[in-house]
Amino acid sequence: MTYADTMSAIGAKRREIDALRQEMRALQGSIEPEPVADYTFQGWGGPVRLSDLFGQKRDLFLIHNMGTTCRYCTLWADGFNGVYEHLADRAAFALATPNAPEVQKQFAKSRSWRFPMVSHQGSTFAKDLGYRLESGDEEGEDTSRWVPGISAFQKDASGIRRVSNTELGPYDDFCSVWHFLDLLPEREAGWEPKFKYA
């Protein structure tokens, strides 16, 4: 195919994706919210409840992050940091990891992250919301794993409800790096995110 023919075909596919997004938005608008308990987290200054993370907002984006050992989760969080003020103007925004608050503080400082963070260490929060998959292998070893994602919540006088959620992963809608790489014929060509670049 010529360059022009290929770009025309890609344009048609992008229009199909736009139409699917419109259908998804319509479905999202008709969702029956899921009631959620007011979990207690470990905050940087002491216990923090899920309801506290809303501040004065009705809506909250909460990032389910796998913690300091995951360079992929770090890539996503670096991107969220860049748009944090825009998002926080519309809704509250926070990031939760299984790391202890002191570990979070040091890591956040090294990345210049500005968003609030909490630890769900010792709680069932991640498991209850589907972001901790617990399992074992035939030898009895724990093969449980964290799952990265985003949950959107709303709060009013009747309580807290989850109104949407999604997992995070390469080529999702929440990390622009992968969409840049999509523009290259070989895409990532073996590239993986790093904590530091020389």
# chains A, B, ... in the order shown; residues from 1 in each chain; ligands from 1
$ select_by_dssp --residues "chain A" --states "helix (DSSP H, G or I)" --output "PDB file with N, CA, C and O atoms, in the first residue's frame"
ATOM      1  N   TYR A   3       1.764   5.159   1.038  1.00  0.00           N
ATOM      2  CA  TYR A   3       1.626   5.903   2.297  1.00  0.00           C
ATOM      3  C   TYR A   3       0.218   6.497   2.411  1.00  0.00           C
ATOM      4  O   TYR A   3      -0.456   6.351   3.440  1.00  0.00           O
ATOM      5  N   ALA A   4      -0.249   7.143   1.354  1.00  0.00           N
ATOM      6  CA  ALA A   4      -1.572   7.786   1.376  1.00  0.00           C
ATOM      7  C   ALA A   4      -2.673   6.757   1.581  1.00  0.00           C
ATOM      8  O   ALA A   4      -3.620   6.981   2.349  1.00  0.00           O
ATOM      9  N   ASP A   5      -2.578   5.604   0.898  1.00  0.00           N
ATOM     10  CA  ASP A   5      -3.598   4.560   1.039  1.00  0.00           C
ATOM     11  C   ASP A   5      -3.611   4.004   2.472  1.00  0.00           C
ATOM     12  O   ASP A   5      -4.674   3.771   3.050  1.00  0.00           O
ATOM     13  N   THR A   6      -2.413   3.794   3.001  1.00  0.00           N
ATOM     14  CA  THR A   6      -2.320   3.262   4.364  1.00  0.00           C
ATOM     15  C   THR A   6      -2.907   4.240   5.369  1.00  0.00           C
ATOM     16  O   THR A   6      -3.683   3.855   6.263  1.00  0.00           O
ATOM     17  N   MET A   7      -2.557   5.525   5.249  1.00  0.00           N
ATOM     18  CA  MET A   7      -3.078   6.515   6.183  1.00  0.00           C
ATOM     19  C   MET A   7      -4.585   6.661   6.058  1.00  0.00           C
ATOM     20  O   MET A   7      -5.286   6.880   7.047  1.00  0.00           O
ATOM     21  N   SER A   8      -5.113   6.507   4.851  1.00  0.00           N
ATOM     22  CA  SER A   8      -6.561   6.555   4.648  1.00  0.00           C
ATOM     23  C   SER A   8      -7.238   5.381   5.354  1.00  0.00           C
ATOM     24  O   SER A   8      -8.270   5.546   6.017  1.00  0.00           O
ATOM     25  N   ALA A   9      -6.658   4.187   5.240  1.00  0.00           N
ATOM     26  CA  ALA A   9      -7.209   3.003   5.900  1.00  0.00           C
ATOM     27  C   ALA A   9      -7.125   3.136   7.416  1.00  0.00           C
ATOM     28  O   ALA A   9      -8.062   2.773   8.139  1.00  0.00           O
ATOM     29  N   ILE A  10      -6.008   3.675   7.911  1.00  0.00           N
ATOM     30  CA  ILE A  10      -5.867   3.894   9.354  1.00  0.00           C
ATOM     31  C   ILE A  10      -6.891   4.919   9.833  1.00  0.00           C
ATOM     32  O   ILE A  10      -7.503   4.760  10.890  1.00  0.00           O
ATOM     33  N   GLY A  11      -7.114   5.959   9.034  1.00  0.00           N
ATOM     34  CA  GLY A  11      -8.123   6.962   9.386  1.00  0.00           C
ATOM     35  C   GLY A  11      -9.504   6.350   9.523  1.00  0.00           C
ATOM     36  O   GLY A  11     -10.266   6.693  10.429  1.00  0.00           O
ATOM     37  N   ALA A  12      -9.837   5.418   8.631  1.00  0.00           N
ATOM     38  CA  ALA A  12     -11.138   4.737   8.710  1.00  0.00           C
ATOM     39  C   ALA A  12     -11.236   3.926   9.995  1.00  0.00           C
ATOM     40  O   ALA A  12     -12.290   3.904  10.648  1.00  0.00           O
ATOM     41  N   LYS A  13     -10.148   3.254  10.366  1.00  0.00           N
ATOM     42  CA  LYS A  13     -10.141   2.475  11.613  1.00  0.00           C
ATOM     43  C   LYS A  13     -10.290   3.397  12.828  1.00  0.00           C
ATOM     44  O   LYS A  13     -10.989   3.060  13.784  1.00  0.00           O
ATOM     45  N   ARG A  14      -9.653   4.563  12.784  1.00  0.00           N
ATOM     46  CA  ARG A  14      -9.784   5.508  13.897  1.00  0.00           C
ATOM     47  C   ARG A  14     -11.224   5.997  14.034  1.00  0.00           C
ATOM     48  O   ARG A  14     -11.720   6.195  15.152  1.00  0.00           O
ATOM     49  N   ARG A  15     -11.907   6.157  12.908  1.00  0.00           N
ATOM     50  CA  ARG A  15     -13.319   6.558  12.979  1.00  0.00           C
ATOM     51  C   ARG A  15     -14.166   5.437  13.577  1.00  0.00           C
ATOM     52  O   ARG A  15     -15.118   5.692  14.326  1.00  0.00           O
ATOM     53  N   GLU A  16     -13.822   4.181  13.283  1.00  0.00           N
ATOM     54  CA  GLU A  16     -14.524   3.054  13.901  1.00  0.00           C
ATOM     55  C   GLU A  16     -14.296   3.040  15.410  1.00  0.00           C
ATOM     56  O   GLU A  16     -15.221   2.776  16.184  1.00  0.00           O
ATOM     57  N   ILE A  17     -13.060   3.312  15.815  1.00  0.00           N
ATOM     58  CA  ILE A  17     -12.756   3.366  17.247  1.00  0.00           C
ATOM     59  C   ILE A  17     -13.549   4.488  17.913  1.00  0.00           C
ATOM     60  O   ILE A  17     -14.102   4.315  19.009  1.00  0.00           O
ATOM     61  N   ASP A  18     -13.643   5.649  17.258  1.00  0.00           N
ATOM     62  CA  ASP A  18     -14.423   6.766  17.802  1.00  0.00           C
ATOM     63  C   ASP A  18     -15.882   6.367  17.993  1.00  0.00           C
ATOM     64  O   ASP A  18     -16.507   6.705  19.011  1.00  0.00           O
ATOM     65  N   ALA A  19     -16.432   5.625  17.034  1.00  0.00           N
ATOM     66  CA  ALA A  19     -17.829   5.181  17.150  1.00  0.00           C
ATOM     67  C   ALA A  19     -17.986   4.217  18.324  1.00  0.00           C
ATOM     68  O   ALA A  19     -18.977   4.294  19.078  1.00  0.00           O
ATOM     69  N   LEU A  20     -17.031   3.314  18.499  1.00  0.00           N
ATOM     70  CA  LEU A  20     -17.079   2.394  19.636  1.00  0.00           C
ATOM     71  C   LEU A  20     -16.981   3.150  20.956  1.00  0.00           C
ATOM     72  O   LEU A  20     -17.657   2.812  21.933  1.00  0.00           O
ATOM     73  N   ARG A  21     -16.160   4.193  20.980  1.00  0.00           N
ATOM     74  CA  ARG A  21     -16.043   4.990  22.205  1.00  0.00           C
ATOM     75  C   ARG A  21     -17.372   5.669  22.550  1.00  0.00           C
ATOM     76  O   ARG A  21     -17.738   5.773  23.723  1.00  0.00           O
ATOM     77  N   GLN A  22     -18.088   6.123  21.546  1.00  0.00           N
ATOM     78  CA  GLN A  22     -19.396   6.723  21.794  1.00  0.00           C
ATOM     79  C   GLN A  22     -20.347   5.690  22.411  1.00  0.00           C
ATOM     80  O   GLN A  22     -21.101   5.994  23.339  1.00  0.00           O
ATOM     81  N   GLU A  23     -20.292   4.448  21.909  1.00  0.00           N
ATOM     82  CA  GLU A  23     -21.121   3.377  22.479  1.00  0.00           C
ATOM     83  C   GLU A  23     -20.712   3.090  23.915  1.00  0.00           C
ATOM     84  O   GLU A  23     -21.564   2.884  24.785  1.00  0.00           O
ATOM     85  N   MET A  24     -19.406   3.075  24.181  1.00  0.00           N
ATOM     86  CA  MET A  24     -18.924   2.824  25.538  1.00  0.00           C
ATOM     87  C   MET A  24     -19.357   3.927  26.493  1.00  0.00           C
ATOM     88  O   MET A  24     -19.746   3.661  27.630  1.00  0.00           O
ATOM     89  N   ARG A  25     -19.315   5.182  26.038  1.00  0.00           N
ATOM     90  CA  ARG A  25     -19.748   6.296  26.885  1.00  0.00           C
ATOM     91  C   ARG A  25     -21.234   6.179  27.219  1.00  0.00           C
ATOM     92  O   ARG A  25     -21.654   6.486  28.340  1.00  0.00           O
ATOM     93  N   ALA A  26     -22.026   5.748  26.254  1.00  0.00           N
ATOM     94  CA  ALA A  26     -23.454   5.561  26.505  1.00  0.00           C
ATOM     95  C   ALA A  26     -23.679   4.469  27.548  1.00  0.00           C
ATOM     96  O   ALA A  26     -24.510   4.612  28.454  1.00  0.00           O
ATOM     97  N   LEU A  27     -22.939   3.363  27.426  1.00  0.00           N
ATOM     98  CA  LEU A  27     -23.035   2.294  28.428  1.00  0.00           C
ATOM     99  C   LEU A  27     -22.610   2.793  29.803  1.00  0.00           C
ATOM    100  O   LEU A  27     -23.253   2.504  30.817  1.00  0.00           O
ATOM    101  N   GLN A  28     -21.522   3.553  29.842  1.00  0.00           N
ATOM    102  CA  GLN A  28     -21.024   4.090  31.107  1.00  0.00           C
ATOM    103  C   GLN A  28     -22.079   4.970  31.770  1.00  0.00           C
ATOM    104  O   GLN A  28     -22.269   4.940  32.979  1.00  0.00           O
ATOM    105  N   GLY A  29     -22.791   5.740  30.962  1.00  0.00           N
ATOM    106  CA  GLY A  29     -23.818   6.627  31.500  1.00  0.00           C
ATOM    107  C   GLY A  29     -25.000   5.905  32.101  1.00  0.00           C
ATOM    108  O   GLY A  29     -25.750   6.485  32.890  1.00  0.00           O
ATOM    109  N   LEU A  50     -11.134   6.127  52.730  1.00  0.00           N
ATOM    110  CA  LEU A  50     -11.454   6.341  51.316  1.00  0.00           C
ATOM    111  C   LEU A  50     -12.258   7.623  51.149  1.00  0.00           C
ATOM    112  O   LEU A  50     -12.009   8.414  50.235  1.00  0.00           O
ATOM    113  N   SER A  51     -13.198   7.855  52.047  1.00  0.00           N
ATOM    114  CA  SER A  51     -14.034   9.061  51.958  1.00  0.00           C
ATOM    115  C   SER A  51     -13.210  10.337  52.091  1.00  0.00           C
ATOM    116  O   SER A  51     -13.559  11.376  51.516  1.00  0.00           O
ATOM    117  N   ASP A  52     -12.092  10.283  52.824  1.00  0.00           N
ATOM    118  CA  ASP A  52     -11.230  11.462  52.976  1.00  0.00           C
ATOM    119  C   ASP A  52     -10.563  11.858  51.660  1.00  0.00           C
ATOM    120  O   ASP A  52     -10.247  13.031  51.450  1.00  0.00           O
ATOM    121  N   LEU A  53     -10.307  10.859  50.804  1.00  0.00           N
ATOM    122  CA  LEU A  53      -9.583  11.123  49.561  1.00  0.00           C
ATOM    123  C   LEU A  53     -10.377  12.008  48.599  1.00  0.00           C
ATOM    124  O   LEU A  53      -9.807  12.599  47.688  1.00  0.00           O
ATOM    125  N   PHE A  54     -11.686  12.108  48.808  1.00  0.00           N
ATOM    126  CA  PHE A  54     -12.517  12.943  47.939  1.00  0.00           C
ATOM    127  C   PHE A  54     -12.285  14.433  48.185  1.00  0.00           C
ATOM    128  O   PHE A  54     -12.555  15.244  47.300  1.00  0.00           O
ATOM    129  N   ARG A  71       8.293  -1.029  37.032  1.00  0.00           N
ATOM    130  CA  ARG A  71       8.677   0.098  36.172  1.00  0.00           C
ATOM    131  C   ARG A  71       7.535   0.504  35.253  1.00  0.00           C
ATOM    132  O   ARG A  71       7.455   1.661  34.829  1.00  0.00           O
ATOM    133  N   TYR A  72       6.642  -0.440  34.915  1.00  0.00           N
ATOM    134  CA  TYR A  72       5.491  -0.102  34.080  1.00  0.00           C
ATOM    135  C   TYR A  72       4.532   0.807  34.855  1.00  0.00           C
ATOM    136  O   TYR A  72       4.071   1.821  34.338  1.00  0.00           O
ATOM    137  N   CYS A  73       4.224   0.433  36.092  1.00  0.00           N
ATOM    138  CA  CYS A  73       3.347   1.276  36.914  1.00  0.00           C
ATOM    139  C   CYS A  73       3.968   2.651  37.129  1.00  0.00           C
ATOM    140  O   CYS A  73       3.263   3.653  37.194  1.00  0.00           O
ATOM    141  N   THR A  74       5.297   2.686  37.225  1.00  0.00           N
ATOM    142  CA  THR A  74       6.000   3.959  37.385  1.00  0.00           C
ATOM    143  C   THR A  74       5.841   4.814  36.132  1.00  0.00           C
ATOM    144  O   THR A  74       5.607   6.028  36.211  1.00  0.00           O
ATOM    145  N   LEU A  75       5.935   4.192  34.953  1.00  0.00           N
ATOM    146  CA  LEU A  75       5.723   4.916  33.696  1.00  0.00           C
ATOM    147  C   LEU A  75       4.339   5.557  33.667  1.00  0.00           C
ATOM    148  O   LEU A  75       4.192   6.737  33.332  1.00  0.00           O
ATOM    149  N   TRP A  76       3.326   4.786  34.019  1.00  0.00           N
ATOM    150  CA  TRP A  76       1.957   5.322  34.027  1.00  0.00           C
ATOM    151  C   TRP A  76       1.845   6.471  35.022  1.00  0.00           C
ATOM    152  O   TRP A  76       1.289   7.519  34.709  1.00  0.00           O
ATOM    153  N   ALA A  77       2.378   6.273  36.227  1.00  0.00           N
ATOM    154  CA  ALA A  77       2.265   7.306  37.263  1.00  0.00           C
ATOM    155  C   ALA A  77       3.012   8.575  36.867  1.00  0.00           C
ATOM    156  O   ALA A  77       2.546   9.685  37.156  1.00  0.00           O
ATOM    157  N   ASP A  78       4.148   8.443  36.193  1.00  0.00           N
ATOM    158  CA  ASP A  78       4.846   9.628  35.687  1.00  0.00           C
ATOM    159  C   ASP A  78       3.931  10.421  34.746  1.00  0.00           C
ATOM    160  O   ASP A  78       3.903  11.654  34.775  1.00  0.00           O
ATOM    161  N   GLY A  79       3.189   9.703  33.915  1.00  0.00           N
ATOM    162  CA  GLY A  79       2.253  10.370  33.009  1.00  0.00           C
ATOM    163  C   GLY A  79       1.114  11.038  33.759  1.00  0.00           C
ATOM    164  O   GLY A  79       0.728  12.175  33.438  1.00  0.00           O
ATOM    165  N   PHE A  80       0.570  10.350  34.778  1.00  0.00           N
ATOM    166  CA  PHE A  80      -0.507  10.952  35.574  1.00  0.00           C
ATOM    167  C   PHE A  80      -0.014  12.226  36.265  1.00  0.00           C
ATOM    168  O   PHE A  80      -0.756  13.193  36.410  1.00  0.00           O
ATOM    169  N   ASN A  81       1.248  12.195  36.705  1.00  0.00           N
ATOM    170  CA  ASN A  81       1.817  13.363  37.369  1.00  0.00           C
ATOM    171  C   ASN A  81       1.786  14.582  36.444  1.00  0.00           C
ATOM    172  O   ASN A  81       1.527  15.697  36.891  1.00  0.00           O
ATOM    173  N   GLY A  82       2.010  14.354  35.158  1.00  0.00           N
ATOM    174  CA  GLY A  82       2.010  15.454  34.201  1.00  0.00           C
ATOM    175  C   GLY A  82       0.653  16.095  34.004  1.00  0.00           C
ATOM    176  O   GLY A  82       0.565  17.287  33.695  1.00  0.00           O
ATOM    177  N   VAL A  83      -0.414  15.317  34.164  1.00  0.00           N
ATOM    178  CA  VAL A  83      -1.770  15.859  33.965  1.00  0.00           C
ATOM    179  C   VAL A  83      -2.538  15.975  35.286  1.00  0.00           C
ATOM    180  O   VAL A  83      -3.738  16.240  35.292  1.00  0.00           O
ATOM    181  N   TYR A  84      -1.837  15.777  36.390  1.00  0.00           N
ATOM    182  CA  TYR A  84      -2.506  15.752  37.704  1.00  0.00           C
ATOM    183  C   TYR A  84      -3.351  16.994  37.967  1.00  0.00           C
ATOM    184  O   TYR A  84      -4.512  16.885  38.358  1.00  0.00           O
ATOM    185  N   GLU A  85      -2.810  18.169  37.747  1.00  0.00           N
ATOM    186  CA  GLU A  85      -3.563  19.386  38.070  1.00  0.00           C
ATOM    187  C   GLU A  85      -4.830  19.498  37.231  1.00  0.00           C
ATOM    188  O   GLU A  85      -5.860  19.965  37.723  1.00  0.00           O
ATOM    189  N   HIS A  86      -4.759  19.071  35.983  1.00  0.00           N
ATOM    190  CA  HIS A  86      -5.954  19.110  35.127  1.00  0.00           C
ATOM    191  C   HIS A  86      -7.025  18.157  35.673  1.00  0.00           C
ATOM    192  O   HIS A  86      -8.197  18.521  35.775  1.00  0.00           O
ATOM    193  N   LEU A  87      -6.623  16.944  36.000  1.00  0.00           N
ATOM    194  CA  LEU A  87      -7.578  15.965  36.526  1.00  0.00           C
ATOM    195  C   LEU A  87      -8.129  16.400  37.879  1.00  0.00           C
ATOM    196  O   LEU A  87      -9.334  16.301  38.137  1.00  0.00           O
ATOM    197  N   ALA A  88      -7.235  16.888  38.750  1.00  0.00           N
ATOM    198  CA  ALA A  88      -7.645  17.272  40.103  1.00  0.00           C
ATOM    199  C   ALA A  88      -8.558  18.489  40.115  1.00  0.00           C
ATOM    200  O   ALA A  88      -9.257  18.733  41.106  1.00  0.00           O
ATOM    201  N   ASP A  89      -8.579  19.244  39.033  1.00  0.00           N
ATOM    202  CA  ASP A  89      -9.515  20.353  38.930  1.00  0.00           C
ATOM    203  C   ASP A  89     -10.942  19.853  38.730  1.00  0.00           C
ATOM    204  O   ASP A  89     -11.898  20.505  39.146  1.00  0.00           O
ATOM    205  N   ARG A  90     -11.074  18.680  38.116  1.00  0.00           N
ATOM    206  CA  ARG A  90     -12.397  18.084  37.857  1.00  0.00           C
ATOM    207  C   ARG A  90     -12.825  17.112  38.947  1.00  0.00           C
ATOM    208  O   ARG A  90     -13.986  17.063  39.339  1.00  0.00           O
ATOM    209  N   PRO A 101       3.980   3.743  53.764  1.00  0.00           N
ATOM    210  CA  PRO A 101       4.051   5.179  53.487  1.00  0.00           C
ATOM    211  C   PRO A 101       5.464   5.736  53.378  1.00  0.00           C
ATOM    212  O   PRO A 101       5.731   6.582  52.515  1.00  0.00           O
ATOM    213  N   GLU A 102       6.384   5.284  54.223  1.00  0.00           N
ATOM    214  CA  GLU A 102       7.756   5.803  54.157  1.00  0.00           C
ATOM    215  C   GLU A 102       8.420   5.458  52.827  1.00  0.00           C
ATOM    216  O   GLU A 102       9.168   6.264  52.266  1.00  0.00           O
ATOM    217  N   VAL A 103       8.152   4.246  52.324  1.00  0.00           N
ATOM    218  CA  VAL A 103       8.687   3.836  51.023  1.00  0.00           C
ATOM    219  C   VAL A 103       8.056   4.690  49.928  1.00  0.00           C
ATOM    220  O   VAL A 103       8.743   5.155  49.010  1.00  0.00           O
ATOM    221  N   GLN A 104       6.750   4.912  50.025  1.00  0.00           N
ATOM    222  CA  GLN A 104       6.066   5.762  49.052  1.00  0.00           C
ATOM    223  C   GLN A 104       6.661   7.163  49.012  1.00  0.00           C
ATOM    224  O   GLN A 104       6.899   7.718  47.940  1.00  0.00           O
ATOM    225  N   LYS A 105       6.881   7.737  50.197  1.00  0.00           N
ATOM    226  CA  LYS A 105       7.413   9.103  50.274  1.00  0.00           C
ATOM    227  C   LYS A 105       8.740   9.231  49.534  1.00  0.00           C
ATOM    228  O   LYS A 105       8.939  10.150  48.732  1.00  0.00           O
ATOM    229  N   GLN A 106       9.638   8.293  49.797  1.00  0.00           N
ATOM    230  CA  GLN A 106      10.955   8.347  49.164  1.00  0.00           C
ATOM    231  C   GLN A 106      10.850   8.183  47.652  1.00  0.00           C
ATOM    232  O   GLN A 106      11.505   8.901  46.890  1.00  0.00           O
ATOM    233  N   PHE A 107      10.011   7.235  47.223  1.00  0.00           N
ATOM    234  CA  PHE A 107       9.880   6.983  45.794  1.00  0.00           C
ATOM    235  C   PHE A 107       9.209   8.158  45.092  1.00  0.00           C
ATOM    236  O   PHE A 107       9.653   8.597  44.024  1.00  0.00           O
ATOM    237  N   ALA A 108       8.159   8.700  45.696  1.00  0.00           N
ATOM    238  CA  ALA A 108       7.456   9.849  45.111  1.00  0.00           C
ATOM    239  C   ALA A 108       8.398  11.039  44.977  1.00  0.00           C
ATOM    240  O   ALA A 108       8.375  11.754  43.967  1.00  0.00           O
ATOM    241  N   LYS A 109       9.223  11.252  45.987  1.00  0.00           N
ATOM    242  CA  LYS A 109      10.180  12.363  45.926  1.00  0.00           C
ATOM    243  C   LYS A 109      11.165  12.166  44.782  1.00  0.00           C
ATOM    244  O   LYS A 109      11.483  13.113  44.047  1.00  0.00           O
ATOM    245  N   SER A 110      11.627  10.931  44.579  1.00  0.00           N
ATOM    246  CA  SER A 110      12.586  10.660  43.501  1.00  0.00           C
ATOM    247  C   SER A 110      11.975  10.861  42.121  1.00  0.00           C
ATOM    248  O   SER A 110      12.686  11.098  41.149  1.00  0.00           O
ATOM    249  N   ARG A 111      10.639  10.769  42.017  1.00  0.00           N
ATOM    250  CA  ARG A 111       9.942  10.942  40.736  1.00  0.00           C
ATOM    251  C   ARG A 111       9.308  12.327  40.596  1.00  0.00           C
ATOM    252  O   ARG A 111       8.709  12.633  39.569  1.00  0.00           O
ATOM    253  N   PHE A 125      -8.613  -4.036  50.541  1.00  0.00           N
ATOM    254  CA  PHE A 125      -9.095  -3.108  49.521  1.00  0.00           C
ATOM    255  C   PHE A 125      -8.805  -3.589  48.104  1.00  0.00           C
ATOM    256  O   PHE A 125      -9.709  -3.710  47.271  1.00  0.00           O
ATOM    257  N   ALA A 126      -7.533  -3.856  47.789  1.00  0.00           N
ATOM    258  CA  ALA A 126      -7.158  -4.245  46.425  1.00  0.00           C
ATOM    259  C   ALA A 126      -7.833  -5.555  46.030  1.00  0.00           C
ATOM    260  O   ALA A 126      -8.330  -5.689  44.907  1.00  0.00           O
ATOM    261  N   LYS A 127      -7.854  -6.518  46.923  1.00  0.00           N
ATOM    262  CA  LYS A 127      -8.489  -7.804  46.619  1.00  0.00           C
ATOM    263  C   LYS A 127      -9.987  -7.631  46.387  1.00  0.00           C
ATOM    264  O   LYS A 127     -10.545  -8.148  45.418  1.00  0.00           O
ATOM    265  N   ASP A 128     -10.640  -6.891  47.274  1.00  0.00           N
ATOM    266  CA  ASP A 128     -12.095  -6.706  47.171  1.00  0.00           C
ATOM    267  C   ASP A 128     -12.500  -6.029  45.869  1.00  0.00           C
ATOM    268  O   ASP A 128     -13.559  -6.319  45.313  1.00  0.00           O
ATOM    269  N   SER A 176       0.328   7.679  27.133  1.00  0.00           N
ATOM    270  CA  SER A 176       0.543   8.158  25.764  1.00  0.00           C
ATOM    271  C   SER A 176       1.780   7.565  25.105  1.00  0.00           C
ATOM    272  O   SER A 176       1.864   7.520  23.880  1.00  0.00           O
ATOM    273  N   VAL A 177       2.736   7.079  25.903  1.00  0.00           N
ATOM    274  CA  VAL A 177       3.973   6.541  25.327  1.00  0.00           C
ATOM    275  C   VAL A 177       3.682   5.464  24.287  1.00  0.00           C
ATOM    276  O   VAL A 177       4.267   5.446  23.199  1.00  0.00           O
ATOM    277  N   TRP A 178       2.765   4.568  24.597  1.00  0.00           N
ATOM    278  CA  TRP A 178       2.473   3.446  23.704  1.00  0.00           C
ATOM    279  C   TRP A 178       1.850   3.924  22.396  1.00  0.00           C
ATOM    280  O   TRP A 178       2.061   3.333  21.341  1.00  0.00           O
ATOM    281  N   HIS A 179       1.099   5.011  22.447  1.00  0.00           N
ATOM    282  CA  HIS A 179       0.469   5.531  21.234  1.00  0.00           C
ATOM    283  C   HIS A 179       1.486   6.244  20.342  1.00  0.00           C
ATOM    284  O   HIS A 179       1.364   6.221  19.119  1.00  0.00           O
ATOM    285  N   PHE A 180       2.488   6.848  20.969  1.00  0.00           N
ATOM    286  CA  PHE A 180       3.600   7.364  20.180  1.00  0.00           C
ATOM    287  C   PHE A 180       4.308   6.209  19.469  1.00  0.00           C
ATOM    288  O   PHE A 180       4.605   6.280  18.276  1.00  0.00           O
ATOM    289  N   LEU A 181       4.578   5.120  20.226  1.00  0.00           N
ATOM    290  CA  LEU A 181       5.283   3.981  19.639  1.00  0.00           C
ATOM    291  C   LEU A 181       4.474   3.336  18.525  1.00  0.00           C
ATOM    292  O   LEU A 181       5.039   2.774  17.580  1.00  0.00           O
ATOM    293  N   ASP A 182       3.150   3.422  18.622  1.00  0.00           N
ATOM    294  CA  ASP A 182       2.283   2.882  17.568  1.00  0.00           C
ATOM    295  C   ASP A 182       2.537   3.542  16.217  1.00  0.00           C
ATOM    296  O   ASP A 182       2.223   2.964  15.176  1.00  0.00           O
TER     297      ASP A 182
END
$ select_by_dssp --residues "region 1-194 of chain A" --states "strand (DSSP E)" --output "JSON, numbers by chain"
{"A": [34, 35, 36, 40, 41, 42, 43, 46, 47, 48, 49, 59, 60, 61, 62, 63, 64, 92, 93, 94, 95, 96, 97, 117, 118, 119, 132, 133, 145, 146, 149, 150, 151, 152, 153, 154, 155, 156, 159, 160, 161, 162, 163, 164, 165, 166, 167]}
$ closest_residue --among "A:Thr2, A:Trp113, A:Ala100, A:Val118" --to "Val48 (chain A)" --atoms "only C-alpha atoms"
A:Val118
$ residues_around --residues "Met66 (chain A)" --least-positions-apart "2" --cutoff "12 Å" --atoms "only C-alpha atoms" --output "short mmCIF file (atom, residue, chain, number, x, y, z; two decimals) with C-alpha atoms, in the first residue's frame"
data_model
loop_
_atom_site.label_atom_id
_atom_site.label_comp_id
_atom_site.auth_asym_id
_atom_site.auth_seq_id
_atom_site.Cartn_x
_atom_site.Cartn_y
_atom_site.Cartn_z
CA ILE A 63 -5.05 4.52 40.76
CA HIS A 64 -4.32 0.90 41.70
CA THR A 68 7.97 0.71 43.62
CA THR A 69 9.18 -2.51 41.98
CA CYS A 70 7.06 -2.08 38.85
CA ARG A 71 8.68 0.10 36.17
CA TYR A 72 5.49 -0.10 34.08
CA CYS A 73 3.35 1.28 36.91
CA THR A 74 6.00 3.96 37.39
CA LEU A 75 5.72 4.92 33.70
CA TRP A 76 1.96 5.32 34.03
CA ALA A 77 2.26 7.31 37.26
CA LEU A 95 -2.70 6.68 43.96
CA ALA A 96 -2.72 3.55 46.16
CA THR A 97 0.09 0.99 46.43
CA PRO A 98 0.97 -1.93 48.72
CA ASN A 99 4.15 -0.11 49.83
CA GLN A 104 6.07 5.76 49.05
CA SER A 119 -0.95 2.51 51.25
CA HIS A 120 -3.50 -0.31 51.25
CA GLN A 121 -0.99 -2.59 52.96
CA ALA A 126 -7.16 -4.25 46.43
CA TYR A 131 -6.79 -5.64 41.88
CA ARG A 132 -5.19 -8.41 43.95
CA ARG A 145 -0.22 -10.80 42.09
CA TRP A 146 -1.24 -7.19 42.06
CA VAL A 147 -3.13 -5.84 39.06
CA PRO A 148 -2.76 -2.19 38.01
CA GLY A 149 -5.81 -0.14 37.15
CA ILE A 150 -8.10 2.79 37.85
CA GLU A 167 -7.10 -2.36 34.20
CA LEU A 168 -3.92 -0.71 32.96
CA GLY A 169 -1.47 -2.22 30.52
#
$ residues_around --residues "Ser144 (chain A)" --least-positions-apart "3" --cutoff "6 Å" --atoms "only C-alpha atoms" --output "number ranges by chain"
A: 133-135
$ write_last_selection --atoms "N, CA, C and O atoms" --output "PDB file, in the first residue's frame"
ATOM      1  N   LEU A 133      -5.057 -10.548  42.830  1.00  0.00           N
ATOM      2  CA  LEU A 133      -5.499 -11.891  42.471  1.00  0.00           C
ATOM      3  C   LEU A 133      -4.718 -12.882  43.316  1.00  0.00           C
ATOM      4  O   LEU A 133      -3.497 -12.989  43.184  1.00  0.00           O
ATOM      5  N   GLU A 134      -5.402 -13.566  44.205  1.00  0.00           N
ATOM      6  CA  GLU A 134      -4.730 -14.480  45.116  1.00  0.00           C
ATOM      7  C   GLU A 134      -4.813 -15.906  44.604  1.00  0.00           C
ATOM      8  O   GLU A 134      -5.885 -16.386  44.237  1.00  0.00           O
ATOM      9  N   SER A 135      -3.663 -16.575  44.588  1.00  0.00           N
ATOM     10  CA  SER A 135      -3.608 -17.946  44.099  1.00  0.00           C
ATOM     11  C   SER A 135      -2.315 -18.592  44.568  1.00  0.00           C
ATOM     12  O   SER A 135      -1.402 -17.925  45.054  1.00  0.00           O
TER      13      SER A 135
END
